[in-house]
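Undergrad: Contents are compact mmCIF, C-alpha atoms; file name run35.txt:
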# COMPACT_ATOMS: atom_id res chain seq x y z
CA MET A 1 67.46 207.28 89.75
CA SER A 2 70.80 205.87 90.76
CA SER A 3 71.13 202.81 92.93
CA ILE A 4 73.32 202.35 95.95
CA SER A 5 76.84 201.08 95.39
CA SER A 6 77.17 197.97 97.50
CA ASP A 7 80.91 198.63 97.96
CA ILE A 8 80.22 201.86 99.81
CA ILE A 9 77.31 200.67 101.87
CA ARG A 10 78.99 197.43 102.92
CA GLY A 11 81.03 199.24 105.56
CA TYR A 12 77.83 200.55 107.09
CA ASN A 13 75.67 197.42 107.23
CA ASP A 14 76.98 196.83 110.74
CA THR A 15 76.03 200.37 111.74
CA MET A 16 72.49 199.92 110.45
CA ILE A 17 72.03 196.63 112.27
CA LEU A 18 73.35 198.05 115.53
CA TYR A 19 71.04 201.05 115.15
CA LEU A 20 68.04 198.75 114.78
CA LEU A 21 69.07 196.66 117.78
CA TRP A 22 69.65 199.72 119.95
CA ASP A 23 66.32 199.63 121.80
CA GLU A 24 65.33 195.97 121.68
CA PRO A 25 66.52 192.58 120.39
CA SER A 26 65.39 191.52 116.95
CA TYR A 27 65.77 188.72 114.39
CA GLY A 28 66.92 188.34 110.82
CA TYR A 29 63.89 189.02 108.71
CA GLU A 30 62.58 191.83 110.91
CA ILE A 31 65.89 193.65 110.62
CA SER A 32 66.02 193.27 106.85
CA LYS A 33 62.43 194.53 106.60
CA ARG A 34 63.14 197.56 108.78
CA ILE A 35 66.24 198.42 106.77
CA ARG A 36 64.14 198.38 103.63
CA ASN A 37 61.39 200.49 105.19
CA LEU A 38 63.68 203.03 106.83
CA SER A 39 65.62 203.48 103.59
CA GLU A 40 62.29 204.02 101.83
CA GLU A 41 62.87 200.94 99.63
CA LYS A 42 66.15 202.39 98.35
CA TYR A 43 68.24 199.70 99.98
CA ALA A 44 67.37 196.02 100.36
CA ILE A 45 69.95 193.99 102.22
CA LYS A 46 70.57 190.50 100.86
CA GLU A 47 70.05 187.54 103.19
CA THR A 48 73.64 186.39 102.83
CA THR A 49 74.95 189.89 103.52
CA LEU A 50 72.82 190.12 106.63
CA TYR A 51 73.86 186.74 107.94
CA SER A 52 77.56 187.47 107.34
CA ALA A 53 77.12 190.72 109.22
CA PHE A 54 75.55 188.88 112.17
CA THR A 55 78.40 186.37 112.28
CA ARG A 56 80.98 189.12 112.12
CA LEU A 57 79.29 191.24 114.79
CA GLU A 58 78.93 188.26 117.07
CA LYS A 59 82.54 187.19 116.59
CA ASN A 60 83.66 190.69 117.57
CA GLY A 61 81.39 190.64 120.62
CA PHE A 62 79.18 193.50 119.41
CA VAL A 63 76.00 191.45 119.53
CA GLU A 64 74.84 188.32 121.32
CA SER A 65 72.43 185.79 119.91
CA PHE A 66 69.82 183.77 121.77
CA ALA A 67 66.93 181.56 120.79
CA ASP A 68 63.46 182.71 121.68
CA SER A 69 59.87 182.27 120.56
CA ASP A 70 58.10 184.85 118.48
CA MET A 71 55.49 186.91 120.36
CA VAL A 72 53.01 186.70 117.49
CA ASN A 73 52.97 183.08 116.36
CA GLY A 74 55.31 181.36 118.77
CA LYS A 75 57.91 180.44 116.15
CA ARG A 76 61.42 179.66 117.44
CA ARG A 77 63.93 182.16 116.12
CA THR A 78 67.46 183.35 116.70
CA TYR A 79 67.36 186.82 118.21
CA TYR A 80 70.24 189.27 118.40
CA ARG A 81 70.92 191.69 121.25
CA ILE A 82 73.39 194.60 121.23
CA THR A 83 76.21 194.53 123.82
CA GLU A 84 77.95 197.40 125.58
CA GLN A 85 80.92 196.90 123.23
CA GLY A 86 78.48 197.06 120.34
CA ARG A 87 77.18 200.42 121.53
CA GLN A 88 80.75 201.69 121.84
CA TYR A 89 81.52 200.48 118.30
CA TYR A 90 78.34 202.13 117.02
CA ARG A 91 79.44 205.48 118.47
CA GLU A 92 82.82 205.12 116.75
CA LYS A 93 81.13 204.32 113.45
CA CYS A 94 78.86 207.37 113.81
CA ALA A 95 81.86 209.60 114.38
CA GLU A 96 83.62 207.98 111.44
CA TRP A 97 80.62 208.57 109.21
CA THR A 98 80.29 212.23 110.22
CA LEU A 99 83.92 212.70 109.29
CA THR A 100 83.62 210.75 106.03
CA LYS A 101 80.53 212.68 105.03
CA GLU A 102 82.25 215.98 105.87
CA VAL A 103 85.25 215.13 103.74
CA VAL A 104 83.40 213.70 100.75
CA GLU A 105 80.89 216.51 100.87
CA LYS A 106 83.69 218.99 100.12
CA PHE A 107 84.14 217.36 96.74
CA ILE A 108 80.50 217.28 95.74
CA ARG A 109 79.52 220.28 93.62
CA GLN A 110 76.39 222.02 94.79
CA ASP A 111 74.90 221.82 91.28
CA GLY A 112 75.77 218.11 91.07
CA GLY A 113 77.97 218.73 88.01
CA MET A 114 75.07 219.80 85.89
CA MET B 1 58.45 176.89 99.87
CA GLU B 2 59.75 173.54 98.65
CA THR B 3 61.50 175.30 95.76
CA ILE B 4 63.25 177.63 98.16
CA ARG B 5 64.39 174.77 100.32
CA ASN B 6 65.73 172.89 97.30
CA TYR B 7 67.53 176.01 96.13
CA LEU B 8 69.19 176.54 99.49
CA GLU B 9 70.16 172.88 99.91
CA THR B 10 71.70 172.84 96.45
CA MET B 11 73.65 176.02 97.14
CA PHE B 12 75.11 174.46 100.28
CA ALA B 13 75.61 170.99 98.80
CA SER B 14 79.35 171.23 98.16
CA LEU B 15 80.23 173.07 101.36
CA PRO B 16 81.79 171.25 104.30
CA ASN B 17 79.29 169.73 106.70
CA THR B 18 80.14 171.63 109.87
CA PHE B 19 78.18 173.07 112.75
CA GLU B 20 78.69 176.63 111.43
CA MET B 21 77.37 175.64 108.01
CA GLN B 22 74.30 173.95 109.46
CA LYS B 23 73.63 177.03 111.55
CA ALA B 24 74.10 179.37 108.59
CA LYS B 25 71.77 177.26 106.47
CA ASN B 26 69.06 177.17 109.11
CA GLU B 27 69.27 180.92 109.74
CA LEU B 28 69.09 181.69 106.04
CA LEU B 29 66.19 179.32 105.61
CA GLN B 30 64.36 181.02 108.43
CA MET B 31 64.85 184.48 106.91
CA MET B 32 63.72 183.25 103.51
CA GLU B 33 60.74 181.54 105.03
CA ASP B 34 59.70 184.71 106.89
CA LYS B 35 60.04 186.75 103.75
CA TYR B 36 58.11 184.20 101.71
CA THR B 37 55.27 184.04 104.24
CA GLU B 38 54.98 187.81 104.27
CA LEU B 39 54.99 188.07 100.48
CA ILE B 40 52.20 185.50 100.30
CA THR B 41 50.24 187.38 102.96
CA ASP B 42 50.68 190.53 100.88
CA GLY B 43 48.86 188.77 98.07
CA LYS B 44 51.76 187.69 95.88
CA THR B 45 51.39 184.40 94.02
CA GLU B 46 53.60 181.52 95.03
CA ASN B 47 55.78 181.86 91.93
CA GLU B 48 56.27 185.57 92.44
CA ALA B 49 57.16 185.07 96.08
CA VAL B 50 59.69 182.33 95.29
CA GLY B 51 61.20 184.51 92.54
CA ILE B 52 61.61 187.50 94.82
CA VAL B 53 63.07 185.49 97.70
CA ILE B 54 65.62 183.73 95.50
CA SER B 55 66.64 186.87 93.58
CA GLU B 56 67.27 188.75 96.82
CA PHE B 57 69.13 185.91 98.49
CA GLY B 58 72.60 187.11 97.59
CA ASN B 59 75.77 185.15 97.14
CA LEU B 60 77.35 182.44 99.25
CA ASP B 61 80.85 183.71 98.48
CA GLU B 62 80.18 186.52 100.87
CA LEU B 63 79.26 184.08 103.57
CA ALA B 64 82.25 181.90 102.79
CA GLU B 65 84.58 184.81 103.46
CA GLU B 66 82.97 185.43 106.82
CA LEU B 67 83.03 181.79 107.87
CA GLY B 68 86.62 181.30 106.78
CA ILE B 69 85.90 178.76 104.09
CA SER B 70 86.55 180.92 101.05
CA SER B 71 89.53 178.79 100.09
CA PHE B 72 87.27 175.76 100.23
CA VAL B 73 84.62 177.37 98.05
CA ILE B 74 87.16 178.35 95.42
CA GLN B 75 88.69 174.88 95.40
CA GLU B 76 85.24 173.39 95.14
CA ASN B 77 84.35 175.65 92.22
CA GLN B 78 87.50 174.66 90.37
CA LYS B 79 86.73 171.04 90.96
CA THR B 80 83.25 171.52 89.57
CA ALA B 81 84.72 173.06 86.48
CA GLY B 82 87.28 170.28 86.20
CA GLY B 83 84.97 167.30 86.05
CA PHE B 84 82.60 167.16 88.95
CA ARG B 85 79.71 165.38 87.34
CA SER B 86 76.29 166.42 88.51
CA VAL B 87 73.77 163.65 87.96
CA THR B 88 70.24 164.70 86.99
CA LEU B 89 66.98 163.27 88.25
CA ALA B 90 66.20 161.80 84.81
CA GLU B 91 69.55 160.00 84.80
CA VAL B 92 68.94 158.68 88.28
CA LYS B 93 65.53 157.31 87.25
CA ASP B 94 67.19 155.70 84.25
CA TYR B 95 69.88 154.21 86.43
CA LEU B 96 67.39 152.75 88.91
CA HIS B 97 65.44 151.24 86.03
CA ASP B 98 68.57 149.62 84.57
CA ARG B 99 69.66 148.49 87.97
CA THR B 100 66.35 146.69 88.50
CA ARG B 101 66.58 145.00 85.10
CA SER B 102 70.11 143.88 85.80
CA ALA B 103 69.07 142.66 89.27
CA TYR B 104 66.47 140.35 87.74
CA ALA B 105 68.90 139.15 85.07
CA VAL B 106 71.61 138.32 87.61
CA ALA B 107 69.13 136.66 89.94
CA LEU B 108 67.72 134.52 87.14
CA GLY B 109 71.28 133.60 86.12
CA VAL B 110 72.11 132.52 89.65
CA PHE B 111 68.89 130.53 89.80
CA LEU B 112 69.81 128.69 86.57
CA CYS B 113 73.29 127.94 87.90
CA ILE B 114 71.83 126.47 91.07
CA ILE B 115 69.35 124.20 89.30
CA SER B 116 71.77 123.28 86.50
CA VAL B 117 72.86 120.12 88.33
CA CYS B 118 69.31 118.84 88.72
CA GLY B 119 69.50 116.64 85.65
CA TYR B 120 71.99 114.35 87.37
CA LEU B 121 69.74 113.90 90.37
CA VAL B 122 66.57 112.68 88.72
CA HIS B 123 66.31 108.96 88.36
CA PHE B 124 63.92 108.53 85.50
CA GLY B 125 63.87 105.54 83.23
CA GLY B 126 66.30 104.91 80.43
CA GLY B 127 69.85 103.76 80.37
CA TRP B 128 72.70 105.19 82.37
CA HIS B 129 74.24 106.57 79.22
CA VAL B 130 71.15 108.46 78.05
CA ARG B 131 70.71 109.94 81.52
CA ILE B 132 74.22 111.34 81.57
CA VAL B 133 73.85 112.85 78.12
CA LEU B 134 70.52 114.50 78.98
CA ALA B 135 71.72 115.75 82.34
CA THR B 136 74.91 117.17 80.89
CA SER B 137 73.05 118.88 78.07
CA PHE B 138 70.65 120.42 80.57
CA MET B 139 73.51 121.65 82.70
CA PHE B 140 75.34 123.26 79.79
CA ILE B 141 72.19 124.92 78.45
CA ALA B 142 71.35 126.29 81.89
CA ILE B 143 74.88 127.59 82.42
CA ALA B 144 75.04 129.11 78.94
CA ALA B 145 71.76 130.90 79.56
CA ALA B 146 73.07 132.11 82.91
CA VAL B 147 76.26 133.45 81.35
CA GLY B 148 74.14 135.21 78.75
CA LEU B 149 72.12 136.84 81.50
CA PHE B 150 75.26 137.92 83.36
CA MET B 151 76.62 139.47 80.18
CA PHE B 152 73.35 141.25 79.58
CA SER B 153 73.47 142.69 83.09
CA ASN B 154 77.06 143.83 82.55
CA PHE B 155 76.10 145.46 79.30
CA VAL B 156 73.15 147.29 80.84
CA MET B 157 75.20 148.55 83.77
CA GLY B 158 78.20 149.40 81.60
CA LYS B 159 77.09 152.92 80.86
CA TRP B 160 76.83 153.72 84.58
CA LYS B 161 80.45 152.89 85.32
CA PHE B 162 81.26 156.56 85.66
CA PHE B 163 79.53 156.62 89.05
CA ARG B 164 82.54 154.81 90.40
CA GLU B 165 85.20 156.34 88.20
CA ARG B 166 84.35 160.02 88.57
CA ALA B 167 83.36 162.34 91.36
CA CYS B 168 79.61 162.72 90.99
CA SER B 169 76.96 164.54 92.91
CA VAL B 170 73.18 164.71 93.07
CA ASP B 171 71.08 167.67 94.15
CA PHE B 172 68.72 167.77 97.08
CA ALA B 173 65.51 167.03 95.18
CA THR B 174 67.07 163.94 93.57
CA ALA B 175 68.44 162.64 96.84
CA GLU B 176 65.01 163.05 98.37
CA TYR B 177 63.38 161.23 95.46
CA VAL B 178 65.74 158.27 95.82
CA HIS B 179 65.30 158.28 99.56
CA ASN B 180 61.50 158.08 99.17
CA ARG B 181 61.79 155.27 96.65
CA ARG B 182 64.05 153.37 99.00
CA GLU B 183 61.61 153.89 101.85
CA SER B 184 58.69 152.58 99.81
CA PHE B 185 60.79 149.59 98.69
CA ARG B 186 61.53 148.74 102.32
CA VAL B 187 58.45 146.54 102.84
CA THR B 188 58.90 144.66 99.56
CA ARG B 189 62.53 144.21 100.41
CA SER B 190 61.98 142.70 103.84
CA MET B 191 59.29 140.44 102.40
CA MET B 192 61.64 139.20 99.70
CA ASN B 193 64.43 138.68 102.20
CA THR B 194 62.22 136.82 104.65
CA ILE B 195 60.68 134.56 102.03
CA GLY B 196 64.13 133.99 100.50
CA VAL B 197 65.65 132.90 103.80
CA ILE B 198 62.62 130.77 104.69
CA LEU B 199 62.81 128.97 101.33
CA CYS B 200 66.51 128.26 101.85
CA ILE B 201 65.86 126.87 105.31
CA LEU B 202 62.79 124.88 104.26
CA SER B 203 64.63 123.45 101.26
CA VAL B 204 65.35 120.25 103.19
CA LEU B 205 61.63 119.63 103.63
CA PRO B 206 60.99 118.25 100.11
CA VAL B 207 63.85 115.83 100.56
CA ILE B 208 62.27 114.45 103.69
CA VAL B 209 58.65 114.55 102.51
CA VAL B 210 59.01 113.39 98.92
CA ASP B 211 61.53 110.72 99.71
CA SER B 212 59.48 109.27 102.54
CA LEU B 213 56.52 109.07 100.13
CA PHE B 214 58.24 107.79 97.01
CA GLY B 215 61.45 106.44 98.33
CA TRP B 216 64.94 107.87 98.08
CA SER B 217 65.56 106.57 94.62
CA SER B 218 63.27 109.00 92.74
CA GLY B 219 65.56 111.97 93.41
CA PHE B 220 62.71 114.44 93.03
CA GLY B 221 63.10 115.56 96.63
CA VAL B 222 66.64 116.71 96.01
CA VAL B 223 65.59 118.44 92.80
CA LEU B 224 62.87 120.29 94.68
CA MET B 225 65.43 121.26 97.28
CA PHE B 226 67.55 122.89 94.59
CA VAL B 227 64.51 124.67 93.20
CA PHE B 228 63.63 125.97 96.68
CA VAL B 229 67.18 127.20 97.25
CA GLY B 230 67.21 128.65 93.74
CA ILE B 231 64.05 130.67 94.27
CA GLY B 232 65.20 131.75 97.72
CA VAL B 233 68.54 132.97 96.40
CA PHE B 234 66.74 134.62 93.46
CA LEU B 235 64.67 136.71 95.87
CA LEU B 236 67.69 137.62 97.98
CA VAL B 237 69.73 138.67 94.95
CA VAL B 238 66.92 140.82 93.52
CA SER B 239 66.19 142.62 96.78
CA GLY B 240 69.89 143.15 97.53
CA ASN B 241 70.68 144.48 94.07
CA VAL B 242 67.73 146.85 93.82
CA ASN B 243 68.53 148.24 97.23
CA ALA B 244 72.19 148.62 96.35
CA GLY B 245 71.07 150.88 93.50
CA PHE B 246 69.52 153.32 95.95
CA THR B 247 72.58 153.20 98.15
CA VAL B 248 74.90 153.93 95.23
CA ILE B 249 73.00 157.11 94.37
CA LEU B 250 72.69 158.24 97.95
CA SER B 251 76.41 157.83 98.59
CA LEU B 252 77.50 159.83 95.54
CA ASN B 253 77.74 163.05 97.51
CA LYS B 254 80.82 163.27 99.65
CA ARG B 255 80.10 162.47 103.28
CA ASP B 256 81.93 165.48 104.66
CA THR B 257 79.95 168.02 102.64
CA MET B 258 76.49 169.37 103.30
CA GLY B 259 75.33 167.31 100.33
CA GLY B 260 76.28 164.19 102.22
CA SER B 261 73.64 164.92 104.83
CA PHE B 262 70.70 165.33 102.44
CA VAL B 263 69.23 162.07 103.54
CA PRO B 264 69.03 161.19 107.21
CA SER B 265 70.80 158.11 108.57
CA GLN B 266 72.22 156.48 105.48
CA LYS B 267 72.57 153.16 107.17
CA GLN B 268 75.48 151.38 105.69
CA VAL B 269 77.68 148.78 107.23
CA THR B 270 80.96 150.52 107.73
CA TYR B 271 84.15 148.83 108.69
CA LYS B 272 86.63 150.89 110.60
CA ASN B 273 89.55 149.02 109.16
CA GLU B 274 90.34 149.58 105.48
CA THR B 275 91.68 146.04 104.98
CA ILE B 276 88.61 144.48 106.54
CA SER B 277 86.30 146.53 104.35
CA GLN B 278 88.17 145.17 101.34
CA ILE B 279 87.86 141.63 102.62
CA MET B 280 84.15 142.16 103.22
CA SER B 281 83.52 143.08 99.61
CA VAL B 282 84.29 139.49 98.62
CA TYR B 283 83.13 137.93 101.88
CA TRP B 284 79.63 136.72 101.02
CA PRO B 285 80.50 135.40 97.55
CA THR B 286 83.33 133.44 99.17
CA VAL B 287 81.02 132.04 101.83
CA THR B 288 78.53 131.00 99.15
CA CYS B 289 81.34 129.30 97.27
CA ILE B 290 82.53 127.43 100.36
CA TYR B 291 78.95 126.37 101.11
CA LEU B 292 78.33 125.02 97.61
CA CYS B 293 81.72 123.32 97.30
CA TRP B 294 81.48 121.61 100.66
CA SER B 295 77.87 120.57 100.06
CA PHE B 296 78.47 119.13 96.63
CA LEU B 297 81.70 117.38 97.54
CA SER B 298 80.41 115.78 100.72
CA PHE B 299 76.65 115.77 100.05
CA ASP B 300 76.19 116.46 103.74
CA TRP B 301 73.38 118.92 103.09
CA HIS B 302 71.92 118.26 106.52
CA ILE B 303 74.89 119.92 108.17
CA THR B 304 76.53 122.24 105.63
CA TRP B 305 74.02 125.06 106.30
CA ILE B 306 76.01 125.72 109.45
CA VAL B 307 78.37 127.69 107.16
CA TRP B 308 75.83 130.53 107.06
CA VAL B 309 75.50 130.71 110.81
CA ILE B 310 79.26 130.77 111.28
CA ALA B 311 79.65 133.32 108.47
CA ALA B 312 77.11 135.66 110.10
CA LEU B 313 78.91 135.37 113.43
CA VAL B 314 82.29 136.06 111.83
CA GLN B 315 80.86 139.12 110.08
CA GLN B 316 79.63 140.52 113.40
CA MET B 317 83.09 140.01 114.87
CA LEU B 318 84.81 141.69 111.92
CA LYS B 319 82.47 144.65 112.27
CA ALA B 320 83.62 145.15 115.82
CA LEU B 321 87.31 145.17 114.88
Translate this structure into structure tokens?
TA:
Amino acid sequence: MSSISSDIIRGYNDTMILYLLWDEPSYGYEISKRIRNLSEEKYAIKETTLYSAFTRLEKNGFVESFADSDMVNGKRRTYYRITEQGRQYYREKCAEWTLTKEVVEKFIRQDGGM
Amino acid sequence: METIRNYLETMFASLPNTFEMQKAKNELLQMMEDKYTELITDGKTENEAVGIVISEFGNLDELAEELGISSFVIQENQKTAGGFRSVTLAEVKDYLHDRTRSAYAVALGVFLCIISVCGYLVHFGGGWHVRIVLATSFMFIAIAAAVGLFMFSNFVMGKWKFFRERACSVDFATAEYVHNRRESFRVTRSMMNTIGVILCILSVLPVIVVDSLFGWSSGFGVVLMFVFVGIGVFLLVVSGNVNAGFTVILSLNKRDTMGGSFVPSQKQVTYKNETISQIMSVYWPTVTCIYLCWSFLSFDWHITWIVWVIAALVQQMLKAL
């Protein structure tokens, strides 16, 4: 089985995070866990990658951070919430991905080169 | 969990100590902690959990780019390659051991210097000539022994000169170790300082007591005074030197990097003015010198102690400048 090239996926870390924040705010570890689960263990985001993505998203105004206590054990954490700009950016990224996929797909042989 | 914390602190050690860096470190620690807790809950052993968390941590270069400090990280890496000396825990333990030995040697040397004049003060029997010869011999032997001790201390500390000559750094675990040792030395240190100062102050007592009992002529009171002062100064020198050892290690990391904040509140007298801080490095030895010179030349021991009071006041004023 091949592994994911981090160069390719890097451009879509932001998209994944925004997707996971779409319905409700979340925090670092939960997001990384959900990425791993949703990708069926095929992609595990590194802590540093995740934190850089948060900083970048926040700087661009796509997410907002706030401190809150955990529902389960009352631990103080930094939560992230998607903004309206973030949703707009997410839509753009989705469109971009559809296009990218369409284009690249044209160059992938149906038999996978076998 | 301690291993993870050490790992993270060490990774951040050479980065600038800024608000963003503190925030990044705390966030990363939180994520690692969450992951660790969950792995343990899932039945992983502690070692496995630590291994997984650290292997999936990633690379700080990525973070550096995002936080706009990539140039700093690269510079820092080059510096590390070009002679940044990282000091290990074993070396630090060695250093503290040597420092303690040298502290006792120096203190004993100072003690000998202080009591070296005692021979002249005792009025035992025998002719004037014999007394001078004996007293002078005693003085020279005491001073020679003291010089020997000073040389020994220099020799022992010689191999640690590089702390001052090169840029060195210690990792988080080492800094914490030294910090704990300094904390546990705190009680001993204040005891030594208190007893030292009390002995110096009480040193006039023997003069009064002994001389009122046996008469001024015996000179034993004055001798005892020197012994009191000698022991007092001995204690002060030991406690000061041992403590300075801890401070040297804890100030190896540059103050403006994350490494500089490993240990909370490194209390150190800082002088705002560069010139004053240079003056202060020779301040107390000079005061001691003035005190001894004045006392010996005038023999006004009942009043010369005022030098210390004035010196302490002047130091407070210089600090404020």
Undergrad: Work out how far atom CA of A:Ile82 is from atom CA of A:Trp22, in Å to one decimal.
TA: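 Separation of atom CA of A:Trp22 and atom CA of A:Ile82: 6.5 Å.
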Undergrad: Do a neighbour search on B:Asn241 at 12 Å with all atoms listed in the file, toss out local chain neighbours closer than 5 positions, and write the hits as a PyMOL selection string.
TA: chain B and resi 96-107+153+157+189+192-193+233-236+246-248
Undergrad: Find the residue from A:Ala95, A:Tyr79, A:Thr49, A:Gly112 that sits nearest to A:Asp7; use only C-alpha atoms when measuring.
TA: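 Nearest candidate to A:Asp7 out of A:Ala95, A:Tyr79, A:Thr49, A:Gly112: A:Thr49.
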Undergrad: Would you give me, as a tab-separated table, each residue of chain A having an atom within 6 Å of an atom of chain B, along with its shortest atom pair and that distance in Å to one decimal, using only C-alpha atoms and sorting by chain and residue number?
TA:
residue	atom	partner	partner_atom	distance
A:Gly28	CA	B:Met31	CA	5.9
A:Tyr29	CA	B:Met31	CA	5.0
A:Lys46	CA	B:Gly58	CA	5.1
A:Glu47	CA	B:Phe57	CA	5.1
A:Thr48	CA	B:Gly58	CA	5.4
A:Ser52	CA	B:Leu63	CA	5.3
Undergrad: Could you write out the selected residues, including C-alpha atoms, as a PDB file, in the coordinates of the input?
TA:
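And here's selection_8.pdb as it stands now:
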ATOM      1  CA  GLY A  28      66.920 188.340 110.820  1.00  0.00           C
ATOM      2  CA  TYR A  29      63.890 189.020 108.710  1.00  0.00           C
ATOM      3  CA  LYS A  46      70.570 190.500 100.860  1.00  0.00           C
ATOM      4  CA  GLU A  47      70.050 187.540 103.190  1.00  0.00           C
ATOM      5  CA  THR A  48      73.640 186.390 102.830  1.00  0.00           C
ATOM      6  CA  SER A  52      77.560 187.470 107.340  1.00  0.00           C
TER       7      SER A  52
END
Undergrad: Could you please give me, as a PyMOL selection string, the residues of protein, DNA or RNA lying at most 10 Å from (69.7, 201.3, 122.2) in the coordinate frame of the file, considering all atoms listed in the file?
TA: chain A and resi 18-25+81-84+86-87
Undergrad: Could you dump the residues just selected with C-alpha atoms as a compact mmCIF listing (two decimals), in the frame of the given file?
TA:
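Once everything was written out, this is part.txt:
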# COMPACT_ATOMS: atom_id res chain seq x y z
CA LEU A 18 73.35 198.05 115.53
CA TYR A 19 71.04 201.05 115.15
CA LEU A 20 68.04 198.75 114.78
CA LEU A 21 69.07 196.66 117.78
CA TRP A 22 69.65 199.72 119.95
CA ASP A 23 66.32 199.63 121.80
CA GLU A 24 65.33 195.97 121.68
CA PRO A 25 66.52 192.58 120.39
CA ARG A 81 70.92 191.69 121.25
CA ILE A 82 73.39 194.60 121.23
CA THR A 83 76.21 194.53 123.82
CA GLU A 84 77.95 197.40 125.58
CA GLY A 86 78.48 197.06 120.34
CA ARG A 87 77.18 200.42 121.53
Undergrad: Work out how far atom CA of B:Tyr36 is from atom CA of A:Gly74, in Å to one decimal.
TA: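 A separation of 17.5 Å between them.
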Undergrad: Excluding same-chain residues fewer than 6 positions from A:Ser26, what lies within 12 Å of it counting all atoms listed in the file, as a PyMOL selection string?
TA: chain A and resi 17-20+32-34+54+63-71+77-82
Undergrad: Between atom CA of B:Asp42 and atom CA of A:Tyr43, what is the distance in Å, rounded to a tenth?
TA: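 Going from atom CA of B:Asp42 over to atom CA of A:Tyr43 covers 19.8 Å.
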Undergrad: Please enclose the listed atoms of stretch 1-18 of chain B in an axis-aligned box, pad each side by 4 Å, and write out the centre and the three edge lengths in Å, rounded to one decimal, as JSON.
TA:
{"center_x": 70.1, "center_y": 173.7, "center_z": 102.8, "size_x": 31.3, "size_y": 15.9, "size_z": 22.1}
Undergrad: From the options A:Gln85, A:Leu99, A:Glu105, A:Asn13, which residue's atoms come nearest to A:Lys59, counting only C-alpha atoms?
TA: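 Ranked by minimum distance to A:Lys59, first place goes to A:Gln85.
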Undergrad: I'd like the neighbourhood of stretch 184-188 of chain B as a PyMOL selection string, where a residue qualifies if any of its atoms comes within 9 Å (using all atoms listed in the file), though same-chain residues fewer than 6 positions away should be ignored.
TA: chain B and resi 239+242-243
Undergrad: Compile the contact shell of B:Arg85 as a PDB file with C-alpha atoms, in the frame of the given file: residues with an atom at most 7 Å away, counting all atoms listed in the file, same-chain residues fewer than 4 positions apart removed.
TA:
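File produced: part.pdb:
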ATOM      1  CA  ALA B 167      83.360 162.340  91.360  1.00  0.00           C
ATOM      2  CA  CYS B 168      79.610 162.720  90.990  1.00  0.00           C
ATOM      3  CA  SER B 169      76.960 164.540  92.910  1.00  0.00           C
TER       4      SER B 169
END
Undergrad: Please complete stretch 187-198 of chain B with N, CA and C atoms and give it back as a PDB file, in the frame of the given file.
TA:
ATOM      1  N   VAL B 187      59.343 147.646 102.498  1.00  0.00           N
ATOM      2  CA  VAL B 187      58.450 146.540 102.840  1.00  0.00           C
ATOM      3  C   VAL B 187      58.662 145.369 101.876  1.00  0.00           C
ATOM      4  N   THR B 188      58.658 145.684 100.566  1.00  0.00           N
ATOM      5  CA  THR B 188      58.900 144.660  99.560  1.00  0.00           C
ATOM      6  C   THR B 188      60.212 143.947  99.848  1.00  0.00           C
ATOM      7  N   ARG B 189      61.216 144.758 100.197  1.00  0.00           N
ATOM      8  CA  ARG B 189      62.530 144.210 100.410  1.00  0.00           C
ATOM      9  C   ARG B 189      62.544 143.231 101.577  1.00  0.00           C
ATOM     10  N   SER B 190      61.922 143.603 102.689  1.00  0.00           N
ATOM     11  CA  SER B 190      61.980 142.700 103.840  1.00  0.00           C
ATOM     12  C   SER B 190      61.142 141.450 103.577  1.00  0.00           C
ATOM     13  N   MET B 191      60.064 141.618 102.781  1.00  0.00           N
ATOM     14  CA  MET B 191      59.290 140.440 102.400  1.00  0.00           C
ATOM     15  C   MET B 191      60.137 139.476 101.585  1.00  0.00           C
ATOM     16  N   MET B 192      60.803 140.031 100.565  1.00  0.00           N
ATOM     17  CA  MET B 192      61.640 139.200  99.700  1.00  0.00           C
ATOM     18  C   MET B 192      62.725 138.501 100.505  1.00  0.00           C
ATOM     19  N   ASN B 193      63.363 139.256 101.402  1.00  0.00           N
ATOM     20  CA  ASN B 193      64.430 138.680 102.200  1.00  0.00           C
ATOM     21  C   ASN B 193      63.904 137.568 103.095  1.00  0.00           C
ATOM     22  N   THR B 194      62.769 137.823 103.734  1.00  0.00           N
ATOM     23  CA  THR B 194      62.220 136.820 104.650  1.00  0.00           C
ATOM     24  C   THR B 194      61.848 135.556 103.893  1.00  0.00           C
ATOM     25  N   ILE B 195      61.087 135.736 102.799  1.00  0.00           N
ATOM     26  CA  ILE B 195      60.680 134.560 102.030  1.00  0.00           C
ATOM     27  C   ILE B 195      61.917 133.830 101.487  1.00  0.00           C
ATOM     28  N   GLY B 196      62.899 134.592 101.027  1.00  0.00           N
ATOM     29  CA  GLY B 196      64.130 133.990 100.500  1.00  0.00           C
ATOM     30  C   GLY B 196      64.806 133.116 101.540  1.00  0.00           C
ATOM     31  N   VAL B 197      64.972 133.665 102.739  1.00  0.00           N
ATOM     32  CA  VAL B 197      65.650 132.900 103.800  1.00  0.00           C
ATOM     33  C   VAL B 197      64.820 131.685 104.194  1.00  0.00           C
ATOM     34  N   ILE B 198      63.490 131.896 104.310  1.00  0.00           N
ATOM     35  CA  ILE B 198      62.620 130.770 104.690  1.00  0.00           C
ATOM     36  C   ILE B 198      62.721 129.637 103.665  1.00  0.00           C
TER      37      ILE B 198
END
